[in-house]
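upload-v2.cif (mmCIF, C-alpha atoms and all ligand atoms)
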data_query
loop_
_atom_site.label_atom_id
_atom_site.label_comp_id
_atom_site.auth_asym_id
_atom_site.auth_seq_id
_atom_site.Cartn_x
_atom_site.Cartn_y
_atom_site.Cartn_z
CA MET A 1 -43.95 46.03 -52.87
CA THR A 2 -44.48 45.77 -49.10
CA LYS A 3 -41.38 45.42 -46.96
CA PRO A 4 -41.26 41.94 -45.41
CA VAL A 5 -41.89 41.77 -41.68
CA GLN A 6 -40.22 39.53 -39.11
CA MET A 7 -43.33 38.74 -37.13
CA LEU A 8 -47.00 38.66 -38.17
CA VAL A 9 -49.34 38.42 -35.18
CA VAL A 10 -52.88 37.22 -35.96
CA ALA A 11 -55.19 37.98 -33.05
CA PRO A 12 -58.86 36.96 -32.84
CA HIS A 13 -59.84 40.08 -30.83
CA PRO A 14 -58.32 43.42 -29.87
CA ASP A 15 -56.27 42.78 -26.66
CA ASP A 16 -55.50 39.06 -27.30
CA ALA A 17 -52.07 39.88 -28.70
CA GLU A 18 -51.22 41.95 -25.61
CA PHE A 19 -52.07 39.09 -23.27
CA GLY A 20 -50.34 36.52 -25.46
CA VAL A 21 -47.22 37.99 -26.98
CA ALA A 22 -46.76 41.71 -26.18
CA GLY A 23 -43.65 41.18 -24.02
CA THR A 24 -41.98 39.31 -26.86
CA VAL A 25 -43.11 41.90 -29.41
CA ALA A 26 -41.60 44.69 -27.28
CA ARG A 27 -38.32 42.77 -27.01
CA TRP A 28 -38.18 42.12 -30.75
CA THR A 29 -38.83 45.81 -31.42
CA ARG A 30 -35.90 46.66 -29.15
CA GLU A 31 -33.76 44.23 -31.10
CA GLY A 32 -34.59 46.10 -34.29
CA LYS A 33 -37.08 43.58 -35.68
CA ASP A 34 -40.54 44.62 -36.75
CA GLU A 35 -44.04 43.27 -36.43
CA VAL A 36 -47.46 43.65 -38.05
CA TYR A 37 -50.70 42.91 -36.21
CA VAL A 38 -53.81 41.46 -37.84
CA VAL A 39 -56.94 41.70 -35.69
CA CYS A 40 -59.66 39.41 -37.03
CA THR A 41 -62.79 40.59 -35.23
CA ASN A 42 -63.93 43.99 -34.03
CA GLY A 43 -64.56 42.71 -30.48
CA ASP A 44 -68.01 44.27 -30.45
CA LYS A 45 -69.46 41.79 -27.94
CA GLY A 46 -66.69 42.11 -25.37
CA THR A 47 -68.55 43.88 -22.58
CA SER A 48 -71.00 43.18 -19.78
CA ASP A 49 -72.26 46.77 -20.01
CA VAL A 50 -75.81 46.37 -21.35
CA ASN A 51 -75.93 50.05 -22.29
CA MET A 52 -72.86 49.90 -24.50
CA LYS A 53 -73.74 49.82 -28.20
CA PRO A 54 -71.75 47.14 -30.07
CA GLU A 55 -70.81 49.54 -32.90
CA GLU A 56 -69.56 52.05 -30.34
CA LEU A 57 -67.52 49.37 -28.57
CA ALA A 58 -65.97 48.28 -31.88
CA LYS A 59 -64.73 51.84 -32.46
CA ILE A 60 -63.34 52.15 -28.94
CA ARG A 61 -61.54 48.81 -29.19
CA GLU A 62 -59.90 49.74 -32.48
CA GLN A 63 -58.50 52.89 -30.88
CA GLU A 64 -57.34 50.91 -27.86
CA GLN A 65 -55.59 48.42 -30.12
CA LEU A 66 -53.84 51.18 -32.06
CA ALA A 67 -52.67 52.77 -28.80
CA ALA A 68 -51.30 49.43 -27.54
CA ALA A 69 -49.52 48.77 -30.83
CA LYS A 70 -47.92 52.21 -30.63
CA VAL A 71 -46.59 51.46 -27.14
CA LEU A 72 -45.02 48.26 -28.48
CA GLY A 73 -43.62 49.80 -31.65
CA VAL A 74 -45.69 47.58 -33.97
CA ARG A 75 -45.27 48.75 -37.58
CA GLU A 76 -48.89 48.43 -38.68
CA VAL A 77 -52.25 47.08 -37.52
CA VAL A 78 -54.61 45.50 -40.06
CA PHE A 79 -58.25 45.27 -38.94
CA LEU A 80 -60.34 42.59 -40.67
CA ARG A 81 -63.44 43.80 -38.77
CA HIS A 82 -65.38 40.55 -38.65
CA PRO A 83 -68.10 40.65 -36.00
CA ASP A 84 -67.07 39.26 -32.63
CA GLN A 85 -68.01 35.57 -32.10
CA SER A 86 -68.61 35.07 -35.82
CA LEU A 87 -65.41 33.48 -37.10
CA GLU A 88 -65.75 30.24 -39.02
CA ASP A 89 -63.26 28.07 -40.83
CA THR A 90 -64.27 29.20 -44.32
CA PRO A 91 -62.36 29.40 -47.62
CA GLU A 92 -62.88 33.19 -47.51
CA PHE A 93 -61.34 33.69 -44.08
CA ARG A 94 -58.44 31.37 -44.94
CA LYS A 95 -57.77 33.34 -48.11
CA GLU A 96 -57.77 36.63 -46.18
CA ILE A 97 -54.99 35.25 -43.98
CA VAL A 98 -53.06 33.80 -46.94
CA ARG A 99 -53.23 37.19 -48.64
CA LEU A 100 -51.68 38.87 -45.59
CA ILE A 101 -48.98 36.21 -45.18
CA ARG A 102 -48.02 36.66 -48.82
CA LYS A 103 -48.13 40.44 -48.55
CA TYR A 104 -46.00 40.76 -45.39
CA ARG A 105 -43.85 37.61 -45.89
CA PRO A 106 -43.11 37.00 -42.18
CA GLU A 107 -40.45 34.64 -40.78
CA THR A 108 -42.63 34.02 -37.73
CA VAL A 109 -46.41 33.95 -37.36
CA VAL A 110 -47.96 34.17 -33.90
CA SER A 111 -51.56 33.27 -33.04
CA ALA A 112 -53.80 31.39 -30.59
CA ASP A 113 -53.28 27.66 -30.05
CA PRO A 114 -56.41 26.03 -31.53
CA TYR A 115 -55.84 22.77 -29.67
CA ARG A 116 -56.67 23.90 -26.18
CA LYS A 117 -59.14 21.42 -24.73
CA TYR A 118 -62.60 22.23 -23.40
CA MET A 119 -63.37 25.88 -22.72
CA TRP A 120 -61.71 28.14 -25.25
CA HIS A 121 -63.28 31.04 -27.09
CA ARG A 122 -64.50 29.76 -30.43
CA ASP A 123 -62.91 32.72 -32.24
CA HIS A 124 -59.56 31.67 -30.75
CA ARG A 125 -59.93 28.05 -31.88
CA ILE A 126 -60.96 29.04 -35.37
CA THR A 127 -58.30 31.70 -35.81
CA GLY A 128 -55.51 29.35 -34.74
CA GLN A 129 -56.72 26.59 -37.03
CA VAL A 130 -57.19 28.87 -40.03
CA VAL A 131 -53.76 30.44 -39.49
CA LEU A 132 -52.05 27.03 -39.44
CA ASP A 133 -53.85 25.95 -42.60
CA ALA A 134 -53.14 29.26 -44.31
CA ILE A 135 -49.41 28.90 -43.63
CA PHE A 136 -49.29 25.34 -44.89
CA PRO A 137 -50.07 24.52 -47.58
CA TYR A 138 -52.06 27.49 -48.92
CA ALA A 139 -49.51 30.32 -48.58
CA ARG A 140 -46.76 28.04 -49.88
CA ASP A 141 -48.37 26.68 -53.02
CA TYR A 142 -48.21 28.57 -56.30
CA HIS A 143 -51.40 27.09 -57.72
CA ALA A 144 -53.52 27.59 -54.60
CA TYR A 145 -54.81 31.02 -55.65
CA PRO A 146 -54.22 32.02 -59.28
CA ASP A 147 -55.88 35.38 -58.62
CA LEU A 148 -53.41 36.21 -55.83
CA ILE A 149 -50.56 35.41 -58.20
CA GLN A 150 -52.14 37.84 -60.69
CA GLU A 151 -52.02 40.48 -57.95
CA GLY A 152 -48.33 39.80 -57.44
CA LEU A 153 -48.83 37.93 -54.15
CA LEU A 154 -46.38 35.10 -54.64
CA PRO A 155 -46.05 31.98 -52.46
CA HIS A 156 -44.29 32.43 -49.13
CA LYS A 157 -42.76 29.98 -46.66
CA VAL A 158 -43.24 30.87 -43.00
CA ARG A 159 -40.42 29.36 -40.90
CA GLU A 160 -41.88 29.37 -37.42
CA VAL A 161 -45.27 29.48 -35.68
CA LEU A 162 -45.73 30.48 -32.05
CA LEU A 163 -49.09 29.68 -30.45
CA TRP A 164 -50.18 31.34 -27.21
CA GLY A 165 -52.78 30.05 -24.77
CA THR A 166 -51.26 26.62 -25.18
CA GLU A 167 -51.61 23.63 -22.86
CA ASP A 168 -48.48 22.19 -24.43
CA PRO A 169 -45.72 24.81 -24.10
CA ASN A 170 -42.38 23.91 -25.64
CA TYR A 171 -40.91 27.39 -26.05
CA ARG A 172 -40.41 30.26 -23.63
CA SER A 173 -39.56 33.83 -24.45
CA ASP A 174 -37.75 36.11 -21.97
CA ILE A 175 -39.87 39.18 -21.17
CA THR A 176 -38.12 40.14 -17.93
CA ASN A 177 -37.02 43.50 -19.36
CA THR A 178 -40.19 44.20 -21.32
CA PHE A 179 -42.84 43.13 -18.83
CA ASP A 180 -43.57 46.76 -17.96
CA ILE A 181 -44.15 47.62 -21.62
CA LYS A 182 -46.50 44.64 -21.94
CA LEU A 183 -48.44 45.92 -18.93
CA THR A 184 -48.61 49.46 -20.35
CA ALA A 185 -49.85 48.10 -23.69
CA LEU A 186 -52.45 45.95 -21.97
CA LEU A 187 -53.69 48.94 -19.98
CA CYS A 188 -54.51 50.69 -23.27
CA HIS A 189 -57.42 48.24 -23.50
CA LYS A 190 -59.43 50.17 -20.92
CA SER A 191 -62.77 48.76 -22.06
CA GLN A 192 -61.44 45.30 -21.18
CA VAL A 193 -59.15 45.68 -18.19
CA GLY A 194 -60.49 48.89 -16.62
CA GLY A 195 -57.89 51.27 -15.26
CA PHE A 196 -54.64 50.27 -13.63
CA ALA A 197 -55.19 47.80 -10.84
CA PRO A 198 -52.40 46.29 -8.75
CA ALA A 199 -54.31 43.00 -8.90
CA LEU A 200 -53.95 42.86 -12.68
CA GLU A 201 -50.21 43.49 -12.53
CA GLU A 202 -49.87 40.91 -9.78
CA ARG A 203 -51.82 38.30 -11.75
CA LEU A 204 -49.81 38.95 -14.93
CA ARG A 205 -46.51 38.85 -13.08
CA GLU A 206 -47.41 35.57 -11.37
CA ARG A 207 -48.31 34.00 -14.70
CA ALA A 208 -45.12 35.27 -16.33
CA LYS A 209 -43.12 33.85 -13.40
CA MET A 210 -44.78 30.47 -13.76
CA MET A 211 -44.08 30.49 -17.50
CA SER A 212 -40.35 31.07 -16.90
CA LYS A 213 -40.01 28.04 -14.63
CA GLY A 214 -36.78 26.21 -15.31
CA GLU A 215 -35.24 29.10 -17.23
CA GLY A 216 -32.46 31.36 -16.00
CA TYR A 217 -34.60 34.49 -16.15
CA GLU A 218 -37.55 35.76 -14.17
CA LEU A 219 -40.47 36.43 -16.51
CA ALA A 220 -41.61 34.71 -19.69
CA GLU A 221 -44.34 34.25 -22.24
CA SER A 222 -44.78 30.65 -23.28
CA PHE A 223 -45.89 29.15 -26.56
CA HIS A 224 -46.25 25.98 -28.49
CA ARG A 225 -43.63 26.45 -31.18
CA VAL A 226 -43.74 24.76 -34.56
CA GLU A 227 -40.72 24.95 -36.82
CA ILE A 228 -41.56 24.35 -40.44
CA PHE A 229 -39.20 22.56 -42.80
CA TYR A 230 -40.20 22.62 -46.43
ZN ZN B 301 -59.97 36.92 -27.55
#

Show me this structure written as C-alpha cells.
Amino acid sequence: MTKPVQMLVVAPHPDDAEFGVAGTVARWTREGKDEVYVVCTNGDKGTSDVNMKPEELAKIREQEQLAAAKVLGVREVVFLRHPDQSLEDTPEFRKEIVRLIRKYRPETVVSADPYRKYMWHRDHRITGQVVLDAIFPYARDYHAYPDLIQEGLLPHKVREVLLWGTEDPNYRSDITNTFDIKLTALLCHKSQVGGFAPALEERLRERAKMMSKGEGYELAESFHRVEIFY
C-alpha cells in the first residue's frame, strides 16, 4: 500500500507547478510534509524553436521536471504523458486523476484554477476542472468505479483544494524563506525560462510581493482555496 501524501500537485505541463506552488512546496518539505507531483502533458509543443523535435522536447522537459522536483524535495513525480494541448474533459482523464487521488490519499490537492476568464491555456482550464470533479464526487464515492475498488483503490476524501492562476484569491501562502528555492527549481526548466536572468527573478519577486499584500510577510503565492466538508 502506498504511503499517503500530504499534498498532491496536478500540473498541466512541466514547469506549471514551479510557477504556481513551488515556494509552498519547499516550505511544506521543510516542515516535514511530503508532496507528489502529477504532470498531465509532456509539454512537447512548448517552444518557439522550429528546429526542436517535439519528441526531443518532451524528453528534455521530463528531465527538467525531475530536476526541479529534486530541488524542492518532492517525493515522486508521475508523468501521464498526454500530448501538449490535447487535454479534454473525458471520463478516461477523470478516472486517471481519481486513481491517483485514491492511491496517494492527499489532504490537499493543488492545481490550476479553471475559472480564469478569457485567455487561459486550454490544458490549464481542463486540468483544473477535471481535478475538481475527480475530487468530488468521483474519488469519494464507493460505487463510482467498481474496478478501482477491485484493485484496492478505496474512496478518499480530499480536505482542501488550492488553485493557482486564480483571479479570485482567498488564500496566501508565505514563501518569504523559500523564494530562492522556488527560483532555483524554476531555473531547472531551461527549455522554458532560458538561463538565469535577473529580469526573471525581478518579475517573480514583484509578483510574490503583490500576492503578499496585506499580510505581515514579504513574499507569497496566492490561491483560490476550497475547503471541503463531507
Ligand atoms: Zn502550462

task = Pick out the closest residue to Leu8 of chain A from this set: A:Leu66, A:Met210, A:Val77, A:Met119. Count all atoms listed in the file.
result = A:Val77

task = Could you pull out the residues sitting within 10 Å of ligand ZN 301 (chain B), using all atoms listed in the file, and write them as a list in words?
result =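 Here is the list of contacting residues: Ala11, Pro12, His13, Pro14, Asp15, Asp16, Ala17, Phe19, Gly20, Val39, Cys40, Thr41, Gly43, Gly46, Asp84, Gln85, Ala112, Trp120, His121, Arg122, Asp123, His124, Arg125 and Thr127 of chain A.
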
Atoms kept (C-alpha atoms) for selection, written as a short mmCIF file (atom, residue, chain, number, x, y, z; two decimals), keeping the file's coordinate frame:
data_model
loop_
_atom_site.label_atom_id
_atom_site.label_comp_id
_atom_site.auth_asym_id
_atom_site.auth_seq_id
_atom_site.Cartn_x
_atom_site.Cartn_y
_atom_site.Cartn_z
CA ALA A 11 -55.19 37.98 -33.05
CA PRO A 12 -58.86 36.96 -32.84
CA HIS A 13 -59.84 40.08 -30.83
CA PRO A 14 -58.32 43.42 -29.87
CA ASP A 15 -56.27 42.78 -26.66
CA ASP A 16 -55.50 39.06 -27.30
CA ALA A 17 -52.07 39.88 -28.70
CA PHE A 19 -52.07 39.09 -23.27
CA GLY A 20 -50.34 36.52 -25.46
CA VAL A 39 -56.94 41.70 -35.69
CA CYS A 40 -59.66 39.41 -37.03
CA THR A 41 -62.79 40.59 -35.23
CA GLY A 43 -64.56 42.71 -30.48
CA GLY A 46 -66.69 42.11 -25.37
CA ASP A 84 -67.07 39.26 -32.63
CA GLN A 85 -68.01 35.57 -32.10
CA ALA A 112 -53.80 31.39 -30.59
CA TRP A 120 -61.71 28.14 -25.25
CA HIS A 121 -63.28 31.04 -27.09
CA ARG A 122 -64.50 29.76 -30.43
CA ASP A 123 -62.91 32.72 -32.24
CA HIS A 124 -59.56 31.67 -30.75
CA ARG A 125 -59.93 28.05 -31.88
CA THR A 127 -58.30 31.70 -35.81
#

Near-segment 152-166 of chain A list (8 Å; all atoms listed in the file; drop same-chain fewer than 4 positions) as a VMD selection string = chain A and resid 20 to 21 99 101 to 103 105 to 113 115 to 116 128 135 139 to 142 148 222 to 230

Separation of atom CA of His82 of chain A from atom CA of Glu167 of chain A, in Å and rounded to one decimal =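 Atom-to-atom, atom CA of His82 of chain A and atom CA of Glu167 of chain A are spaced 26.9 Å apart.
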
query = Which one of A:Val131, A:Val36, A:Ala220, A:Val25 sits closest to Ile175 of chain A if you count all atoms listed in the file?
reply =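 Among the listed residues, A:Ala220 lies closest to Ile175 of chain A.
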
request  = Rounded to one decimal place, report the atom CA of Arg94 of chain A-atom CA of Gln63 of chain A distance in Å.
outcome  =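 Separation of atom CA of Arg94 of chain A and atom CA of Gln63 of chain A: 25.7 Å.
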
key: Separation of atom CA of Asn42 of chain A from atom CA of Pro83 of chain A in Å   =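 Computing it gives 5.7 Å between the two atoms.
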
message = Restricting the calculation to all atoms listed in the file: of A:Glu56, A:Glu18, A:Glu206, A:Asp44, which residue gets closest to Ala185 of chain A?
response =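 Of all the options, A:Glu18 lies closest to Ala185 of chain A.
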
query = Using all atoms listed in the file, which of A:Tyr104, A:Thr24, A:His189, A:Arg81 sits nearest Gln6 of chain A?
reply = A:Tyr104

message = My list of candidates is A:Lys209, A:Arg172, A:Lys70, A:Lys3. Which is closest to Thr29 of chain A when distances are computed with all atoms listed in the file?
response =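 Between A:Lys209, A:Arg172, A:Lys70, A:Lys3, the residue approaching Thr29 of chain A most closely is A:Lys70.
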
Local residues around (-56.1, 28.9, -42.4), at most 9 Å away, using all atoms listed in the file, as an MDAnalysis selection string = chainID A and resid 89:91 93:98 126:136 138

request  = Tell me which of A:Asp34, A:Tyr171, A:Ser86, A:Cys188 sits closest to Glu64 of chain A, counting only C-alpha atoms.
outcome  =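 When distances to Glu64 of chain A are compared using only C-alpha atoms, the smallest one comes from A:Cys188.
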
Near-Val71 of chain A list (8 Å; all atoms listed in the file; drop same-chain fewer than 2 positions) as number ranges by chain = A: 67-69, 73-74, 181, 184-185

request  = May I have the residues within 7 Å of Phe196 of chain A as a list in words, using all atoms listed in the file and disregarding those fewer than 2 positions away in the same chain?
outcome  =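 What passes the distance filter is Leu187, Gly194 and Pro198 of chain A.
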